[in-house]
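Student: If you scroll down you'll find the structure; I have some questions about it.
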Amino acid sequence: MARRLYSTVSALPIVSPHGHTDPEWFASNAAFTDPVSLLITPDHYVLRMFYSQGIPMESLGVAPLDGSAHEKDARKIWRLFASNFHLFRGTPSAIWMKHVFHEIFGLEKPLASETADLYFDSMSEKLRSAAFAPRALFERFGIEVLATTDAATDSLEAHAKIKKDWTGRVIPTYRPDAAVDPEHESFQWSLDELTRLTGEDARTWSGYLRAHAKRRLFFKSMGATATDHGHPSALTFDLDRSQCESLFGRIQKPNLDPNEAELFRALMLVKFAEMSLDDGLVMQIHAGSARNHNGLVTRKFGRDKGADIPIAMEYARSLQALLNRVGNDPRATIILFTLDESTYARELAPLAGHYPALRLGAPWWFHDSPEGMIRYRRRVTETAGFANTCGFVDDTRAFFSIPARHDVSRRMDCRFLAELVGEHRLTETEAFELAPELAIGLARKAYKL
Amino acid sequence: MARRLYSTVSALPIVSPHGHTDPEWFASNAAFTDPVSLLITPDHYVLRMFYSQGIPMESLGVAPLDGSAHEKDARKIWRLFASNFHLFRGTPSAIWMKHVFHEIFGLEKPLASETADLYFDSMSEKLRSAAFAPRALFERFGIEVLATTDAATDSLEAHAKIKKDWTGRVIPTYRPDAAVDPEHESFQWSLDELTRLTGEDARTWSGYLRAHAKRRLFFKSMGATATDHGHPSALTFDLDRSQCESLFGRIQKPNLDPNEAELFRALMLVKFAEMSLDDGLVMQIHAGSARNHNGLVTRKFGRDKGADIPIAMEYARSLQALLNRVGNDPRATIILFTLDESTYARELAPLAGHYPALRLGAPWWFHDSPEGMIRYRRRVTETAGFANTCGFVDDTRAFFSIPARHDVSRRMDCRFLAELVGEHRLTETEAFELAPELAIGLARKAYKL
Amino acid sequence: MARRLYSTVSALPIVSPHGHTDPEWFASNAAFTDPVSLLITPDHYVLRMFYSQGIPMESLGVAPLDGSAHEKDARKIWRLFASNFHLFRGTPSAIWMKHVFHEIFGLEKPLASETADLYFDSMSEKLRSAAFAPRALFERFGIEVLATTDAATDSLEAHAKIKKDWTGRVIPTYRPDAAVDPEHESFQWSLDELTRLTGEDARTWSGYLRAHAKRRLFFKSMGATATDHGHPSALTFDLDRSQCESLFGRIQKPNLDPNEAELFRALMLVKFAEMSLDDGLVMQIHAGSARNHNGLVTRKFGRDKGADIPIAMEYARSLQALLNRVGNDPRATIILFTLDESTYARELAPLAGHYPALRLGAPWWFHDSPEGMIRYRRRVTETAGFANTCGFVDDTRAFFSIPARHDVSRRMDCRFLAELVGEHRLTETEAFELAPELAIGLARKAYKL
C-alpha cells in the first residue's frame, strides 16, 4: 500500500517553499568546483558529526576566522570524509549523501576509503559538465519553485538576474532577523542600511516600521510569498505606540538589556503579523534554537558550524499576544516550526487545530528525518488533521540533497498513510487523495505558490 | 492475536466512570431533535477543526452571546458539515462519527456533499423513533453504568427522577470547581448556594469544609462514587488552620490575587483528598489545560468551544503536599489525568508505580485517540504495570459516540497486548486475562463500581 | 533479520561498565543465602510495585529503621511475592525475573501461588551449591568486566582481595556524591574521612581538591576507569579560585542554603571534569532524580526503596560551564544519563552529536526496558549516530539479572538495526558490523575497558 501510494507521488515536481540555497548559483549558472566545497565544508550536519568524534574542523577545510591554517587539498579532505563515512550510519545524512552519490552522480559502489578517489575523480569530472550546471540540475530535479532566504537589506540582484534571463522560479524570502534582533552583530548596520535603501528613517519607530513594509513590498515584487523569523523563543508581546517608541529607542543604545532585546523581538513578531495582513506575505516562525552554543567554535570559526542546540519550548502562553492580534483572521497564515517535539501533541497541534491563522510547519532540522517525520505525523494528525499542516520543507543549503529530502518525506508520508489504511483509519480513496496533498498540494496552498 | 483478544472483549458491557452526558436526557427520555444539535453544535472537536480552517462558528449553529445572527437551518449546517467532513481524515472524530453513522444509524455510504441530505433525512427520522430514545439507546449500547459530572450546587433532580422510574445506572460525580476556583465567574454565587443548600455558613472556612462534606455525602447517597477536579495546574499545598482561614477570607474579597487563587485551589486538592479518606469517594484530578485560550472566542461564544490549549506540566513536586497527606494510604484512590504526554514515563508512571493512593487515568481529550492510547500504554506500562491504571474513560458529552470510543480503546489495548505476546513479553494466557481487565475490570475496581 | 543479527551477539561476553553489585560477594565468594534476600528485599523495582498496590514494605522483609516488626520468614515472603507476581505483567521486572528463574535456576513452570514452594525449595538448594557461588556465576555469565560503584571514602578492601586471589575483573568506580553534596547526611563525615585517608586537609578548598585527586588515583590504581556523579540536576557552574574558597567555607557551616548546595554541586562537576583531563578517568553524570520523594517511606525505611521520581531536565544551558571548560577536548569523556526522555532528541543527541567530549549513556532505570531502549535508539541515532553512544549499562545491584538485562538490550538493538535494514536505512553489512559494537564494542571504547 505504501509503495502504491508512493508511486503516485514520487515523480511529482518539487515545491520547495523554504530553504537556504544561494541564488547566485542560479544567477551565474557557474559550474560547482569540487565535491568538497559542494558537499562537505558547508554542511553543518557533516561538521557536527565529525567534530563530535574528535576530527578538527580545520581538517575538513573550515577556515579559522583568524586566518590560521586549515586543510586546502580537496582530495585529502574527501579521503578523510570517505574513511569516516560510517559515522553517519543510521542518520539522515547517510540517506541524503547516498542518494546524491547514486541518483545524481550515478556512483554505485559504497563510499569508503578504497573508493574515495574514484568518487572524487568521477564527481569532479561530472561537476564540470553542462549537465551539472545549477540551472540544468534545477530542471533535472523537477523543481517547480525554490525559495531562498534573504536578509531584509539584500539587494536581490541575483534574483533579478534570474528573472531576467531564465524561466526557473527562484523566489526570495524576507528574513529580517539581523534588522530585528538587537543582539545580532549586524543590527546597528542593518538599521542604517534600511534607511539607505528605503528613504525612511529606520532609527525612528514609525520610520522603522515603514522601512520594513517597503522592503517587504520590494521582496513581494521580486516573487516572495513569505517571510521567515528565526527567534530564540516563541515569545510575542504587544505594546502601545509610545511604549514601542521608547523601547525602540533603548534597544539602539549601548549596554543593551537582554530582557529588552527579547521583548523587542517579541514585539516585532506581532508587528510583522500585522504587516502580513496588509501585504499578504505568509509568516514563518522558526523558534527554539540556542545558536552558537559552543563559544570556542563560534569564536574560532563563526556561525552555523553545527553548534546550535535546541531548547525546551513553550508556545501556548508565548504566542498569546500574536494570536490575540491576528489569530482569528483567516487571511493571515502563520507557520510554526519547532525543535521541541514534546510540543507537537501538547501545544502546537491544539493551537493549529483551533486558530484559523495558524499552520504547522514540517519537522525541522534535527527532526527532518524518517523517525522525526513519523513522530510528527503521529503526534500532530489526530488533533490538527492534515489540512493544518503545510507539506514538506527541505530548509537546506545543500542543493544536491533537495531531491533526496523530498523523496524521504514522500516515502514516510506514504508509509504513514498506508498504516492508517491498514488500520481502517483511512479509506484507500482518502489516502490516494491525501498523498499528493502532502507532497505538494498543502505547501502550494499554505505558501500561496 | 489482536483479533482473538478483541473478540473476547468487544461485546462486554460499557463501564463509563467519567463523562459529560446530560442526565436530563435519561430523566425525560425525550427524543433527540435533529442530527445537528446532537452531533455538531455541541462537539468542540468539530467546532475547533472547522474554525481552524476559517469556517465561522455561527455557520455551524453556535449562537453568539450577544444575540447576533447565526445559522439556524439544521439542514444547511449539516450540508456544510458533510462537505467538509474530509477535514477529519486521520483524526479520532472521523472514527467516532463513522461509527455513529454506520453502527448506530445504519448508513453505509460515505458522508459527503452528495449524501448530506440522505444522511440528514435518515437520521432525523430515526431520531424520532422509540428505538432512538435515550433510555433505549443506553440499553442498546450495553451501558452498565454511566457517570455524569455535576456541580457541587446541582440539585441532582434528574438523577433522582432516573432512580425513581428506571433501572439504568446513571450516577453523578461531584465536580466542585465553580465553588473552589476563586477565578470562576460563579464562585461567589456558589458559596452562597452552598450555604443555602447545606445550612452551613460556607463563607467561613469551617462552614465551607462542612458544606462540601455534606454535599459529597448527598452525591454519594445519589450513587456517586467519585469526585472530579479540573485545575489549571497540579499544584497542591497544605496550610495550618489559621492560615487556611486567613486565605479563605482574602480570596472572597475583590481584587483577587491570582497567586492566592492558585494557592487556594492547591489547598483544596489536599482538603478534598482528606474528605476522600472520610467518605470513600474516589478523587479524579484533570489538570493542565489553559482554558479559554482564545479571548475573542470566549467573549463571543463562551466556554468549551474548542479553544482550550494544554500546557507543560510538572507533577513530582506539585503533588508533594497531597502525597504527604494521603499518598501512603491504600484506602485513598486519586486518579491523575494529563494532557502533557512527556510526563507519562517521566513522572506519572513512577509516581503511580510507587504511591498506594495513586492511579493513572486513561489518555485524555487530545490523547483519547489510537496513537494517544498506544503512546500511553508504551510509556506507562513498564513502570506502573497495568494494575496502577484505571481502564478507559470516554469523558464525553457526545452520547452517541460512547460505543465508538470504548471500541477504539478495546481495539488499541488488544493490539498492545498482542504486540507484547508477539515479543514474548506476555504469555497468551496473561493477555487473555488482561484484556477484560483493561476493558472493564480496572475501571470497576478503581472507581468502586 | 533481527534473529540473524542477534545470533551473532547473544553469546558475546558481558561488559558491565556501571552497576551496583557488592564487591564483597566476589571477595568472600560466600554462598547467597536464600531467594528472598537475593531477589526481593533489595530490589527497588519489586518494592515500588508491591507498595503501590498497598502491600506493606514490612511484609516483604524490609526492616523499619526504628526496629519495629517486619516479616522475617523468607518462605512466607516468597509466597507473597509469588501470589502477586502477576503485577509485573508488561514490565521489565517480569522479563528479568523469568530469565533468572528459567535460564539460571532451570525452573520451567510459571511462578504463581501453587509453584511458590517449589521455586523456593529449588532455588534455596541451588544457592547452596558450588555452581551458584558468586565467582562461579560470574564466570558462567561470561562477564568480561564488572564495575562496582564505591564511595570516595571506600577502602576498596574487597577489590584488593579480589585482585589478590581471583582472575575475575571486578573494578571500582569513584562515586564521591557523599563527599560532594552538602545536603548529604554523610557530607561532614566524608570531609573528615577524606582528610584522614589522604593526609590532605579536606576542610580547605585546595586540600579538598587534592584529596579527591589522590583518591581518584588510588581508585585508578585499583582498576577504576571511571567516576560517577549522581546529582539532582545537570547544573554546572564555574567560579574563580577565591569564590570557590568562600563557597566551600560557607557550605561547611550550619544553616546550609539549598541554593549554595546546588551551586557547589554544579561547581564540582566542572572541577571533576578538569581532574578527568589529568587522570583520564571517564566521567559519568546521572542527573534528574528527585530522591526520597516519599518522606514517610524515607523516614521509616531509608533510601532506595523505590520512592525516587524523575523530574523535567534542562541540559543545553545547564552544561554550558562544563562544556566551556572541557567540551572541546577529545581527551575527555563525559557520559550523560537522563530520566527525561523528552531531552533525548531535543538536547542530548544534538549536544553529543557536536561536542567531542560528550557521549550519551544507555537508557537508564525506568527506561532500561524494551520500550525505553527503542525510544532511545529512535530519538538519538539520527542526530548523534551510534558512535556517540556507549553501549549498554545494566546499572544494577541484582547480580542474577545481569545476563537478562544485557540480553534484552542486545535483542532490542538487533530489532532496531533490523528495522533500519528493512527500510534500506542501513545495509546488511553495516548492521552486522554495528551489532557487536552496540553489544560490547562501544562500551569498551567509551569506558576505556
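Residue numbering restarts at 1 for every chain of the C-alpha cells, chains are lettered A, B, ... in their displayed order, and ligands are numbered from 1 as they appear.
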For chain B, which residues have at least one atom within 8 Å of chain C, if we go by only C-alpha atoms? Write them as a PyMOL selection string, please.

Tutor: chain B and resi 314+316+320+323-324+328-330+342+345-347+350-358+378-379+381-388+420+425-426+430

Student: Keeping N, CA and C atoms, export the residues of the selection given above as a short mmCIF file (atom, residue, chain, number, x, y, z; two decimals), in the first residue's frame.

Tutor:
```cif
data_model
loop_
_atom_site.label_atom_id
_atom_site.label_comp_id
_atom_site.auth_asym_id
_atom_site.auth_seq_id
_atom_site.Cartn_x
_atom_site.Cartn_y
_atom_site.Cartn_z
N GLU B 314 4.08 19.80 35.52
CA GLU B 314 5.04 19.27 36.50
C GLU B 314 4.21 18.58 37.58
N ALA B 316 5.85 15.93 39.95
CA ALA B 316 6.63 15.35 41.06
C ALA B 316 6.64 16.27 42.27
N GLN B 320 3.46 16.94 45.92
CA GLN B 320 4.10 16.50 47.16
C GLN B 320 3.21 16.75 48.40
N LEU B 323 0.50 14.17 48.45
CA LEU B 323 1.01 12.81 48.70
C LEU B 323 1.51 12.66 50.13
N ASN B 324 2.10 13.71 50.66
CA ASN B 324 2.49 13.67 52.07
C ASN B 324 1.30 13.39 52.96
N ASN B 328 0.31 7.64 51.04
CA ASN B 328 0.67 6.32 51.54
C ASN B 328 -0.52 5.53 52.07
N ASP B 329 -1.70 6.08 51.91
CA ASP B 329 -2.88 5.42 52.47
C ASP B 329 -3.60 4.61 51.38
N PRO B 330 -3.56 3.29 51.46
CA PRO B 330 -4.18 2.49 50.40
C PRO B 330 -5.69 2.64 50.34
N SER B 342 4.65 14.07 27.88
CA SER B 342 6.05 13.92 28.30
C SER B 342 6.15 13.55 29.78
N ALA B 345 6.01 8.84 31.19
CA ALA B 345 7.11 7.96 31.61
C ALA B 345 8.00 8.65 32.64
N ARG B 346 8.04 9.99 32.58
CA ARG B 346 8.97 10.71 33.44
C ARG B 346 8.45 10.82 34.86
N GLU B 347 7.20 11.20 35.05
CA GLU B 347 6.72 11.47 36.41
C GLU B 347 5.52 10.61 36.80
N PRO B 350 6.18 6.64 37.30
CA PRO B 350 6.94 6.43 38.54
C PRO B 350 6.12 6.77 39.80
N LEU B 351 5.32 7.82 39.76
CA LEU B 351 4.51 8.17 40.93
C LEU B 351 3.44 7.10 41.19
N ALA B 352 2.70 6.75 40.14
CA ALA B 352 1.63 5.75 40.30
C ALA B 352 2.21 4.38 40.59
N GLY B 353 3.44 4.14 40.15
CA GLY B 353 4.09 2.86 40.41
C GLY B 353 4.73 2.78 41.78
N HIS B 354 4.52 3.81 42.59
CA HIS B 354 5.04 3.78 43.96
C HIS B 354 3.97 4.07 45.02
N TYR B 355 3.25 5.17 44.88
CA TYR B 355 2.32 5.58 45.93
C TYR B 355 1.05 4.73 45.90
N PRO B 356 0.68 4.14 47.04
CA PRO B 356 -0.51 3.29 47.08
C PRO B 356 -1.79 4.03 46.71
N ALA B 357 -1.85 5.31 46.96
CA ALA B 357 -3.10 6.04 46.73
C ALA B 357 -3.27 6.46 45.27
N LEU B 358 -2.22 6.42 44.48
CA LEU B 358 -2.28 6.98 43.13
C LEU B 358 -2.63 5.94 42.07
N ARG B 378 2.59 2.32 25.98
CA ARG B 378 4.03 2.09 25.80
C ARG B 378 4.85 2.83 26.86
N ARG B 379 4.39 3.97 27.28
CA ARG B 379 5.18 4.80 28.19
C ARG B 379 4.87 4.53 29.66
N THR B 381 3.22 1.43 30.97
CA THR B 381 3.12 0.05 31.44
C THR B 381 4.40 -0.45 32.10
N GLU B 382 5.55 -0.16 31.52
CA GLU B 382 6.78 -0.77 32.02
C GLU B 382 7.11 -0.32 33.44
N THR B 383 6.66 0.86 33.81
CA THR B 383 6.95 1.34 35.16
C THR B 383 5.76 1.17 36.11
N ALA B 384 4.55 1.42 35.63
CA ALA B 384 3.38 1.36 36.52
C ALA B 384 2.65 0.04 36.43
N GLY B 385 2.98 -0.79 35.45
CA GLY B 385 2.21 -2.01 35.25
C GLY B 385 0.79 -1.69 34.79
N PHE B 386 -0.05 -2.70 34.71
CA PHE B 386 -1.45 -2.46 34.34
C PHE B 386 -2.29 -2.12 35.56
N ALA B 387 -1.91 -2.66 36.71
CA ALA B 387 -2.76 -2.56 37.89
C ALA B 387 -2.84 -1.15 38.45
N ASN B 388 -1.91 -0.30 38.08
CA ASN B 388 -1.98 1.09 38.53
C ASN B 388 -2.66 2.01 37.52
N LEU B 420 2.85 -7.43 22.80
CA LEU B 420 3.64 -7.97 23.91
C LEU B 420 3.74 -9.50 23.81
N ARG B 425 6.78 -10.88 25.68
CA ARG B 425 6.80 -10.11 26.92
C ARG B 425 5.57 -10.42 27.76
N LEU B 426 4.61 -11.10 27.17
CA LEU B 426 3.45 -11.63 27.89
C LEU B 426 3.18 -13.02 27.34
N GLU B 430 -1.76 -14.76 29.91
CA GLU B 430 -1.76 -13.46 30.59
C GLU B 430 -2.54 -12.43 29.77
#
```

Student: Enumerate, as a PyMOL selection string, the complete set of residues in range 224-307 of chain C that a backbone-based DSSP assignment places in strand (DSSP E).

Tutor: chain C and resi 226-231+282-287+289-290

Student: Please write the residues from the selection above to a file, keeping N, CA and C atoms, as an mmCIF file, in the first residue's frame.

Tutor:
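Saved as out14.cif:
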```
data_model
loop_
_atom_site.group_PDB
_atom_site.id
_atom_site.type_symbol
_atom_site.label_atom_id
_atom_site.label_comp_id
_atom_site.auth_asym_id
_atom_site.auth_seq_id
_atom_site.Cartn_x
_atom_site.Cartn_y
_atom_site.Cartn_z
ATOM 1 N N ALA C 226 36.579 4.907 35.625
ATOM 2 C CA ALA C 226 35.523 5.920 35.537
ATOM 3 C C ALA C 226 35.120 6.446 36.906
ATOM 4 N N THR C 227 34.511 7.607 36.885
ATOM 5 C CA THR C 227 33.850 8.163 38.054
ATOM 6 C C THR C 227 32.361 8.251 37.739
ATOM 7 N N ASP C 228 31.560 8.499 38.779
ATOM 8 C CA ASP C 228 30.124 8.609 38.574
ATOM 9 C C ASP C 228 29.591 9.674 39.515
ATOM 10 N N HIS C 229 28.639 10.471 39.016
ATOM 11 C CA HIS C 229 28.157 11.602 39.784
ATOM 12 C C HIS C 229 26.633 11.635 39.698
ATOM 13 N N GLY C 230 25.984 11.384 40.831
ATOM 14 C CA GLY C 230 24.533 11.408 40.886
ATOM 15 C C GLY C 230 24.056 12.728 41.450
ATOM 16 N N HIS C 231 23.550 13.586 40.568
ATOM 17 C CA HIS C 231 23.145 14.924 41.008
ATOM 18 C C HIS C 231 21.664 15.139 40.730
ATOM 19 N N VAL C 282 37.058 8.387 33.010
ATOM 20 C CA VAL C 282 35.822 8.742 32.313
ATOM 21 C C VAL C 282 34.820 9.257 33.336
ATOM 22 N N MET C 283 34.053 10.277 32.961
ATOM 23 C CA MET C 283 33.128 10.906 33.909
ATOM 24 C C MET C 283 31.683 10.600 33.519
ATOM 25 N N GLN C 284 30.962 9.977 34.428
ATOM 26 C CA GLN C 284 29.534 9.726 34.201
ATOM 27 C C GLN C 284 28.698 10.701 35.033
ATOM 28 N N ILE C 285 27.633 11.230 34.434
ATOM 29 C CA ILE C 285 26.713 12.089 35.181
ATOM 30 C C ILE C 285 25.306 11.489 35.112
ATOM 31 N N HIS C 286 24.798 11.095 36.262
ATOM 32 C CA HIS C 286 23.424 10.597 36.380
ATOM 33 C C HIS C 286 22.606 11.677 37.071
ATOM 34 N N ALA C 287 21.875 12.435 36.302
ATOM 35 C CA ALA C 287 21.145 13.575 36.875
ATOM 36 C C ALA C 287 19.651 13.439 36.634
ATOM 37 N N SER C 289 16.956 12.791 39.195
ATOM 38 C CA SER C 289 16.037 12.033 40.031
ATOM 39 C C SER C 289 15.782 12.794 41.324
ATOM 40 N N ALA C 290 14.500 12.990 41.629
ATOM 41 C CA ALA C 290 14.148 13.557 42.935
ATOM 42 C C ALA C 290 14.161 12.406 43.927
#
```

Student: Please determine, counting only C-alpha atoms, which residue among C:Trp166, C:Phe392, C:Phe399, C:Phe32 has the shortest atom-to-atom distance to Lys126 in chain C.

Tutor: C:Phe32

Student: Just the alpha helix (DSSP H) stuff from range 134-275 of chain B, please, per backbone DSSP, written as a VMD selection string.

Tutor: chain B and resid 134 to 140 157 to 165 187 to 198 205 to 221 241 to 250 258 to 275

Student: Interatomic distance between CA of Leu277 in chain B and CA of Ala332 in chain B?

Tutor: 5.8 Å

Student: Name the residues in contact with Thr148 in chain A at a cut-off of 12 Å, using only C-alpha atoms, excluding same-chain residues fewer than 2 positions from it; report them as a PyMOL selection string.

Tutor: chain A and resi 16-26+145-146+150-151+154+156+158-159+169-175+219+222-228+393-399

Student: Just want the 7 Å neighbourhood of range 443-445 of chain B, counted on only C-alpha atoms, with same-chain residues fewer than 4 positions away dropped. Output as a PDB file with N, CA, C and O atoms, in the first residue's frame.

Tutor:
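Okay, result.pdb is ready:
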```pdb
ATOM      1  N   CYS B 390      -6.461   2.562  35.175  1.00  0.00           N
ATOM      2  CA  CYS B 390      -7.877   2.526  35.556  1.00  0.00           C
ATOM      3  C   CYS B 390      -8.808   2.191  34.420  1.00  0.00           C
ATOM      4  O   CYS B 390      -9.982   2.580  34.461  1.00  0.00           O
ATOM      5  N   GLY B 391      -8.322   1.531  33.383  1.00  0.00           N
ATOM      6  CA  GLY B 391      -9.216   1.244  32.263  1.00  0.00           C
ATOM      7  C   GLY B 391      -9.526   2.488  31.468  1.00  0.00           C
ATOM      8  O   GLY B 391      -8.834   3.508  31.586  1.00  0.00           O
ATOM      9  N   PHE B 392     -10.607   2.421  30.704  1.00  0.00           N
ATOM     10  CA  PHE B 392     -10.917   3.508  29.779  1.00  0.00           C
ATOM     11  C   PHE B 392     -11.974   4.444  30.349  1.00  0.00           C
ATOM     12  O   PHE B 392     -12.875   4.028  31.062  1.00  0.00           O
ATOM     13  N   LEU B 449     -17.064   0.633  41.295  1.00  0.00           N
ATOM     14  CA  LEU B 449     -18.370   0.492  40.631  1.00  0.00           C
ATOM     15  C   LEU B 449     -18.894  -0.948  40.726  1.00  0.00           C
ATOM     16  O   LEU B 449     -18.112  -1.876  40.739  1.00  0.00           O
TER      17      LEU B 449
END
```

Student: Provide the CA of Arg411 in chain B to CA of Glu419 in chain A distance in Å, to one decimal place.

Tutor: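 That distance, rounded to one decimal, is 15.3 Å.
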
Student: Enter the distance from CA of Val46 in chain A to CA of Ile402 in chain A, in Å, rounded to one decimal.

Tutor: 16.1 Å
